[in-house]
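Asks: Take this structure first; my questions come after.
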Amino acid sequence: MIVIPATAEDAAAILALQQAAYQSEAELYQDWSIPPLTQSLSELQQEIATITVLKACQGTRLVGSVRAVQQEDNSVAIGRLIVLPDLQGQGIGSSLMAAIEAAFPTASRFELFTGSLSLRNIRLYERLGYTVFARKQLSPQVELVFMEKRVSSKKER
(Lines give C-alpha, C1' and ligand atoms only; values in the text may rest on other atoms or scores of the structure.)
Protein backbone atom coordinates (compact mmCIF):
# COMPACT_ATOMS: atom_id res chain seq x y z
CA MET A 1 0.00 0.00 0.00
CA ILE A 2 1.17 3.52 -0.76
CA VAL A 3 -0.09 6.83 0.65
CA ILE A 4 0.31 9.81 -1.67
CA PRO A 5 -1.28 13.22 -2.23
CA ALA A 6 -4.64 13.14 -3.99
CA THR A 7 -5.23 15.16 -7.15
CA ALA A 8 -8.35 16.64 -8.73
CA GLU A 9 -8.58 13.51 -10.89
CA ASP A 10 -9.07 11.44 -7.71
CA ALA A 11 -12.08 13.43 -6.52
CA ALA A 12 -14.83 11.22 -7.96
CA ALA A 13 -13.25 8.03 -6.61
CA ILE A 14 -12.64 9.59 -3.18
CA LEU A 15 -16.24 10.83 -3.08
CA ALA A 16 -17.56 7.35 -3.90
CA LEU A 17 -15.31 5.83 -1.22
CA GLN A 18 -16.42 8.49 1.27
CA GLN A 19 -20.07 7.71 0.62
CA ALA A 20 -19.45 3.98 1.08
CA ALA A 21 -17.40 4.49 4.25
CA TYR A 22 -19.92 6.81 5.91
CA GLN A 23 -22.95 4.53 5.38
CA SER A 24 -22.20 2.84 8.71
CA GLU A 25 -22.09 6.24 10.46
CA ALA A 26 -25.41 7.23 8.87
CA GLU A 27 -26.95 3.96 10.05
CA LEU A 28 -25.50 4.37 13.55
CA TYR A 29 -27.07 7.82 13.93
CA GLN A 30 -30.09 7.19 11.67
CA ASP A 31 -29.14 10.31 9.71
CA TRP A 32 -28.34 10.15 6.01
CA SER A 33 -27.94 13.92 5.74
CA ILE A 34 -24.50 14.00 7.37
CA PRO A 35 -21.99 16.21 5.48
CA PRO A 36 -19.79 13.34 4.18
CA LEU A 37 -22.86 11.90 2.42
CA THR A 38 -24.09 15.22 1.04
CA GLN A 39 -20.76 16.68 -0.12
CA SER A 40 -20.76 17.41 -3.85
CA LEU A 41 -18.02 16.53 -6.32
CA SER A 42 -17.26 20.21 -6.90
CA GLU A 43 -16.93 20.81 -3.13
CA LEU A 44 -14.46 17.93 -2.85
CA GLN A 45 -12.52 19.15 -5.89
CA GLN A 46 -12.22 22.57 -4.22
CA GLU A 47 -10.96 20.92 -1.01
CA ILE A 48 -8.33 18.96 -2.92
CA ALA A 49 -7.15 22.23 -4.49
CA THR A 50 -6.90 24.10 -1.19
CA ILE A 51 -6.05 21.67 1.62
CA THR A 52 -3.92 18.54 2.08
CA VAL A 53 -5.77 15.43 0.91
CA LEU A 54 -4.00 12.07 0.92
CA LYS A 55 -5.09 8.81 -0.64
CA ALA A 56 -4.10 5.21 0.12
CA CYS A 57 -3.84 2.80 -2.80
CA GLN A 58 -3.24 -0.92 -3.08
CA GLY A 59 -2.01 -1.21 -6.63
CA THR A 60 -4.46 0.91 -8.64
CA ARG A 61 -7.28 0.44 -6.12
CA LEU A 62 -8.17 3.42 -3.90
CA VAL A 63 -8.64 2.02 -0.38
CA GLY A 64 -8.62 5.10 1.84
CA SER A 65 -8.23 8.83 2.23
CA VAL A 66 -7.80 11.56 4.84
CA ARG A 67 -7.63 15.34 4.72
CA ALA A 68 -6.27 18.11 6.90
CA VAL A 69 -5.63 21.81 7.07
CA GLN A 70 -3.17 23.82 9.16
CA GLN A 71 -4.80 26.54 11.24
CA GLU A 72 -3.44 29.92 12.34
CA ASP A 73 -2.54 28.65 15.84
CA ASN A 74 -0.22 25.99 14.34
CA SER A 75 -2.71 23.23 15.05
CA VAL A 76 -3.92 20.93 12.28
CA ALA A 77 -7.57 19.97 11.81
CA ILE A 78 -7.84 16.42 10.47
CA GLY A 79 -11.03 15.30 8.78
CA ARG A 80 -12.74 12.51 6.95
CA LEU A 81 -10.51 9.54 7.59
CA ILE A 82 -12.07 6.94 5.31
CA VAL A 83 -11.24 3.33 4.52
CA LEU A 84 -13.12 0.89 2.30
CA PRO A 85 -15.59 -0.86 4.62
CA ASP A 86 -14.34 -4.37 3.76
CA LEU A 87 -10.72 -3.36 4.55
CA GLN A 88 -11.29 -1.59 7.87
CA GLY A 89 -9.33 -2.88 10.85
CA GLN A 90 -6.26 -3.76 8.75
CA GLY A 91 -4.06 -0.76 9.57
CA ILE A 92 -4.95 1.43 6.60
CA GLY A 93 -6.51 4.11 8.80
CA SER A 94 -3.49 4.11 11.11
CA SER A 95 -1.16 4.47 8.11
CA LEU A 96 -3.21 7.36 6.74
CA MET A 97 -3.17 9.09 10.14
CA ALA A 98 0.62 8.70 10.40
CA ALA A 99 1.02 10.11 6.88
CA ILE A 100 -1.24 13.12 7.46
CA GLU A 101 0.56 13.94 10.72
CA ALA A 102 3.93 13.63 8.92
CA ALA A 103 2.67 16.07 6.27
CA PHE A 104 2.66 18.81 8.93
CA PRO A 105 6.07 18.50 10.63
CA THR A 106 5.85 21.88 12.39
CA ALA A 107 2.39 21.35 13.89
CA SER A 108 2.07 21.74 17.64
CA ARG A 109 -1.26 19.94 17.86
CA PHE A 110 -3.61 17.77 15.82
CA GLU A 111 -7.37 17.93 16.28
CA LEU A 112 -10.30 15.88 14.96
CA PHE A 113 -13.85 14.97 15.86
CA THR A 114 -16.13 11.98 15.61
CA GLY A 115 -19.54 10.98 16.91
CA SER A 116 -19.83 9.76 20.49
CA LEU A 117 -21.40 6.48 19.31
CA SER A 118 -18.53 5.82 16.88
CA LEU A 119 -16.61 3.69 19.38
CA ARG A 120 -14.30 2.05 16.81
CA ASN A 121 -13.18 5.50 15.66
CA ILE A 122 -12.64 6.70 19.22
CA ARG A 123 -10.60 3.60 20.10
CA LEU A 124 -8.46 4.04 16.97
CA TYR A 125 -7.72 7.66 17.77
CA GLU A 126 -6.95 6.84 21.41
CA ARG A 127 -4.47 4.14 20.26
CA LEU A 128 -2.82 6.83 18.12
CA GLY A 129 -2.37 9.15 21.12
CA TYR A 130 -5.47 11.34 20.86
CA THR A 131 -7.46 12.34 23.94
CA VAL A 132 -10.92 13.86 24.34
CA PHE A 133 -10.87 17.58 25.10
CA ALA A 134 -14.48 18.60 24.36
CA ARG A 135 -17.96 17.35 23.53
CA LYS A 136 -20.75 19.13 21.67
CA GLN A 137 -24.40 18.13 21.34
CA LEU A 138 -25.23 18.58 17.66
CA SER A 139 -28.81 17.30 17.82
CA PRO A 140 -30.85 15.15 20.21
CA GLN A 141 -29.32 12.02 18.65
CA VAL A 142 -25.80 13.25 17.80
CA GLU A 143 -23.03 14.27 20.17
CA LEU A 144 -19.60 15.09 18.75
CA VAL A 145 -16.40 14.13 20.57
CA PHE A 146 -13.43 16.42 19.91
CA MET A 147 -10.01 14.82 20.31
CA GLU A 148 -6.49 16.21 20.21
CA LYS A 149 -2.91 15.08 20.09
CA ARG A 150 -0.30 17.51 21.32
CA VAL A 151 3.15 17.35 19.74
CA SER A 152 6.29 18.40 21.55
CA SER A 153 8.65 20.60 19.63
CA LYS A 154 11.77 19.03 18.14
CA LYS A 155 13.88 20.96 20.66
CA GLU A 156 12.08 19.23 23.55
CA ARG A 157 12.62 15.73 22.14
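Every chain in the C-alpha coordinates has a letter given in the order shown (A, B, ...), and although residue numbers restart at 1 in each chain, ligands are simply numbered from 1 in the order shown.
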DSSP on the backbone: what in region 17-126 of chain A comes out strand (DSSP E or B), as a ChimeraX atom specification?
Replies: /A:52-58,61-70,75-83,109-115
Asks: Near Thr50 (chain A), counting only C-alpha atoms, which residues have an atom at most 10 Å away, once you skip same-chain residues fewer than 5 positions from it, shown as a PyMOL selection string?
Replies: chain A and resi 44-45+69
Asks: Dump N, CA and C atoms for the selected residues as a PDB file, in the first residue's frame?
Replies:
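What landed in out_19.pdb:
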```
ATOM      1  N   LEU A  44     -15.652  18.740  -3.115  1.00  0.00           N
ATOM      2  CA  LEU A  44     -14.463  17.934  -2.850  1.00  0.00           C
ATOM      3  C   LEU A  44     -13.302  18.367  -3.744  1.00  0.00           C
ATOM      4  N   GLN A  45     -13.580  18.672  -4.997  1.00  0.00           N
ATOM      5  CA  GLN A  45     -12.518  19.155  -5.893  1.00  0.00           C
ATOM      6  C   GLN A  45     -11.901  20.442  -5.351  1.00  0.00           C
ATOM      7  N   VAL A  69      -5.989  20.427   7.368  1.00  0.00           N
ATOM      8  CA  VAL A  69      -5.628  21.813   7.070  1.00  0.00           C
ATOM      9  C   VAL A  69      -4.966  22.423   8.302  1.00  0.00           C
TER      10      VAL A  69
END
```
Asks: Name the residues in contact with Arg135 (chain A) at a cut-off of 7 Å, using only C-alpha atoms, excluding same-chain residues fewer than 4 positions from it; report them as a list of chain:residue names.
Replies: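 The contact residues come out as A:Glu143, A:Leu144, A:Val145, A:Phe146.
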Asks: May I ask which of the residues A:Ile92, A:Leu81, A:Ile48, A:Val142 is the closest one to Gln19 (chain A), counting only C-alpha atoms?
Replies: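 Looking only at the distances to Gln19 (chain A), the closest residue turns out to be A:Leu81.
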Asks: Quick one: everything within 9 Å of Tyr29 (chain A), counting only C-alpha atoms, minus sequence neighbours fewer than 3 positions away in the same chain. Send it as an mmCIF file with all heavy atoms, in the first residue's frame.
Replies:
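Done, and the output landed in selection34.cif:
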```
data_model
loop_
_atom_site.group_PDB
_atom_site.id
_atom_site.type_symbol
_atom_site.label_atom_id
_atom_site.label_comp_id
_atom_site.auth_asym_id
_atom_site.auth_seq_id
_atom_site.Cartn_x
_atom_site.Cartn_y
_atom_site.Cartn_z
ATOM 1 N N SER A 24 -22.078 3.405 7.358
ATOM 2 C CA SER A 24 -22.203 2.843 8.711
ATOM 3 C C SER A 24 -22.449 3.937 9.748
ATOM 4 O O SER A 24 -23.185 3.734 10.712
ATOM 5 C CB SER A 24 -20.953 2.039 9.083
ATOM 6 O OG SER A 24 -19.798 2.869 9.063
ATOM 7 N N GLU A 25 -21.847 5.112 9.541
ATOM 8 C CA GLU A 25 -22.092 6.243 10.455
ATOM 9 C C GLU A 25 -23.540 6.712 10.327
ATOM 10 O O GLU A 25 -24.195 6.993 11.326
ATOM 11 C CB GLU A 25 -21.130 7.396 10.159
ATOM 12 C CG GLU A 25 -19.692 7.088 10.470
ATOM 13 C CD GLU A 25 -19.423 6.883 11.951
ATOM 14 O OE1 GLU A 25 -19.639 7.821 12.742
ATOM 15 O OE2 GLU A 25 -18.988 5.789 12.316
ATOM 16 N N ALA A 26 -24.019 6.812 9.095
ATOM 17 C CA ALA A 26 -25.407 7.232 8.871
ATOM 18 C C ALA A 26 -26.375 6.256 9.538
ATOM 19 O O ALA A 26 -27.353 6.676 10.182
ATOM 20 C CB ALA A 26 -25.686 7.341 7.372
ATOM 21 N N TRP A 32 -29.021 10.235 7.298
ATOM 22 C CA TRP A 32 -28.343 10.148 6.006
ATOM 23 C C TRP A 32 -28.073 11.530 5.417
ATOM 24 O O TRP A 32 -27.711 11.648 4.259
ATOM 25 C CB TRP A 32 -29.140 9.263 5.053
ATOM 26 C CG TRP A 32 -28.945 7.815 5.365
ATOM 27 C CD1 TRP A 32 -28.061 6.964 4.751
ATOM 28 C CD2 TRP A 32 -29.574 7.049 6.389
ATOM 29 N NE1 TRP A 32 -28.113 5.723 5.337
ATOM 30 C CE2 TRP A 32 -29.042 5.740 6.349
ATOM 31 C CE3 TRP A 32 -30.536 7.319 7.355
ATOM 32 C CZ2 TRP A 32 -29.434 4.730 7.214
ATOM 33 C CZ3 TRP A 32 -30.935 6.312 8.226
ATOM 34 C CH2 TRP A 32 -30.387 5.035 8.143
ATOM 35 N N GLY A 115 -18.321 11.112 16.113
ATOM 36 C CA GLY A 115 -19.537 10.978 16.907
ATOM 37 C C GLY A 115 -19.285 10.150 18.155
ATOM 38 O O GLY A 115 -18.458 9.242 18.157
ATOM 39 N N LEU A 117 -21.030 7.902 19.464
ATOM 40 C CA LEU A 117 -21.402 6.484 19.307
ATOM 41 C C LEU A 117 -20.419 5.717 18.431
ATOM 42 O O LEU A 117 -20.501 4.500 18.317
ATOM 43 C CB LEU A 117 -22.811 6.370 18.709
ATOM 44 C CG LEU A 117 -23.951 7.028 19.491
ATOM 45 C CD1 LEU A 117 -25.271 6.863 18.748
ATOM 46 C CD2 LEU A 117 -24.046 6.448 20.899
ATOM 47 N N GLN A 141 -29.903 13.337 18.839
ATOM 48 C CA GLN A 141 -29.321 12.015 18.647
ATOM 49 C C GLN A 141 -27.817 12.022 18.369
ATOM 50 O O GLN A 141 -27.193 10.972 18.329
ATOM 51 C CB GLN A 141 -30.066 11.246 17.548
ATOM 52 C CG GLN A 141 -29.911 11.801 16.149
ATOM 53 C CD GLN A 141 -30.939 12.854 15.754
ATOM 54 O OE1 GLN A 141 -31.524 13.497 16.603
ATOM 55 N NE2 GLN A 141 -31.136 13.022 14.457
ATOM 56 N N VAL A 142 -27.211 13.199 18.175
ATOM 57 C CA VAL A 142 -25.795 13.250 17.799
ATOM 58 C C VAL A 142 -24.997 14.142 18.747
ATOM 59 O O VAL A 142 -25.283 15.330 18.881
ATOM 60 C CB VAL A 142 -25.611 13.752 16.348
ATOM 61 C CG1 VAL A 142 -24.130 13.826 15.991
ATOM 62 C CG2 VAL A 142 -26.350 12.858 15.362
#
```
Asks: Using only C-alpha atoms, find the one residue out of A:Ala77, A:Cys57, A:Ala99, A:Val83 that sits nearest to Leu17 (chain A).
Replies: A:Val83
Asks: Would you list the contacts of Ser75 (chain A) as a short mmCIF file (atom, residue, chain, number, x, y, z; two decimals) with N, CA, C and O atoms, in the first residue's frame, taking every protein, DNA or RNA residue within 7 Å and counting only C-alpha atoms, but skipping same-chain residues closer than 2 positions in sequence?
Replies:
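The result, written out as part.cif:
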```
data_model
loop_
_atom_site.label_atom_id
_atom_site.label_comp_id
_atom_site.auth_asym_id
_atom_site.auth_seq_id
_atom_site.Cartn_x
_atom_site.Cartn_y
_atom_site.Cartn_z
N GLN A 70 -3.87 23.15 8.07
CA GLN A 70 -3.17 23.82 9.16
C GLN A 70 -3.93 25.11 9.49
O GLN A 70 -4.35 25.84 8.60
N GLN A 71 -4.09 25.35 10.79
CA GLN A 71 -4.80 26.54 11.24
C GLN A 71 -3.81 27.59 11.72
O GLN A 71 -2.62 27.32 11.87
N ASP A 73 -3.22 28.88 14.55
CA ASP A 73 -2.54 28.65 15.84
C ASP A 73 -1.53 27.51 15.78
O ASP A 73 -1.10 27.01 16.80
N ALA A 77 -6.25 20.61 11.74
CA ALA A 77 -7.57 19.97 11.81
C ALA A 77 -7.60 18.82 10.80
O ALA A 77 -7.43 19.04 9.60
N ALA A 107 3.62 21.22 13.10
CA ALA A 107 2.39 21.35 13.89
C ALA A 107 2.66 21.14 15.37
O ALA A 107 3.47 20.30 15.75
N SER A 108 1.96 21.90 16.19
CA SER A 108 2.07 21.74 17.64
C SER A 108 0.96 20.86 18.20
O SER A 108 1.06 20.35 19.31
N ARG A 109 -0.09 20.66 17.38
CA ARG A 109 -1.26 19.94 17.86
C ARG A 109 -2.09 19.48 16.67
O ARG A 109 -2.18 20.18 15.67
N PHE A 110 -2.68 18.28 16.81
CA PHE A 110 -3.61 17.77 15.82
C PHE A 110 -4.97 17.64 16.49
O PHE A 110 -5.06 17.27 17.66
#
```
Asks: Which residues come within 12 Å of Leu112 (chain A), counting only C-alpha atoms, excluding same-chain residues fewer than 6 positions away, as a ChimeraX atom specification?
Replies: /A:66-69,75-81,97,101,121-122,125-126,130-135,144-150
Asks: Hey, what's within 10 Å of Ala13 (chain A) if we count only C-alpha atoms and toss same-chain stuff fewer than 6 positions away? As an MDAnalysis selection string, please?
Replies: chainID A and resid 19 41 61:63
Asks: When distances are computed from only C-alpha atoms, which of A:Ala20, A:Ile82, A:Ile34, A:Leu15 shows the smallest separation from Glu47 (chain A)?
Replies: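 Closest residue, counting only C-alpha atoms: A:Leu15.
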Asks: Could you check how far CA of Leu84 (chain A) sits from CA of Tyr22 (chain A), in Å to one decimal?
Replies: 9.7 Å
Asks: Going by DSSP on the backbone, which bits of region 1-57 of chain A are alpha helix (DSSP H)? Write them as a PyMOL selection string, please.
Replies: chain A and resi 11-21+23-29+35-38+41-50
Asks: Between CA of Ile100 (chain A) and CA of Lys136 (chain A), what distance in Å does the model show, to one decimal?
Replies: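 Value for the CA of Ile100 (chain A)-CA of Lys136 (chain A) distance: 24.9 Å.
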Asks: How many Å lie between CA of Ser94 (chain A) and CA of Arg127 (chain A), rounded to one decimal?
Replies: 9.2 Å
Asks: Rank nothing, just name the residue among A:Leu28, A:Ala11, A:Ala56, A:Leu138 nearest to Ser118 (chain A), using only C-alpha atoms.
Replies: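 Answer, going by the shortest atom-to-atom distance: A:Leu28.
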Asks: Quick one: of A:Gly59, A:Gly64, A:Pro105, A:Pro5, who's nearest to Gln88 (chain A), counting only C-alpha atoms?
Replies: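 Looking at the shortest contact to Gln88 (chain A), the residue is A:Gly64.
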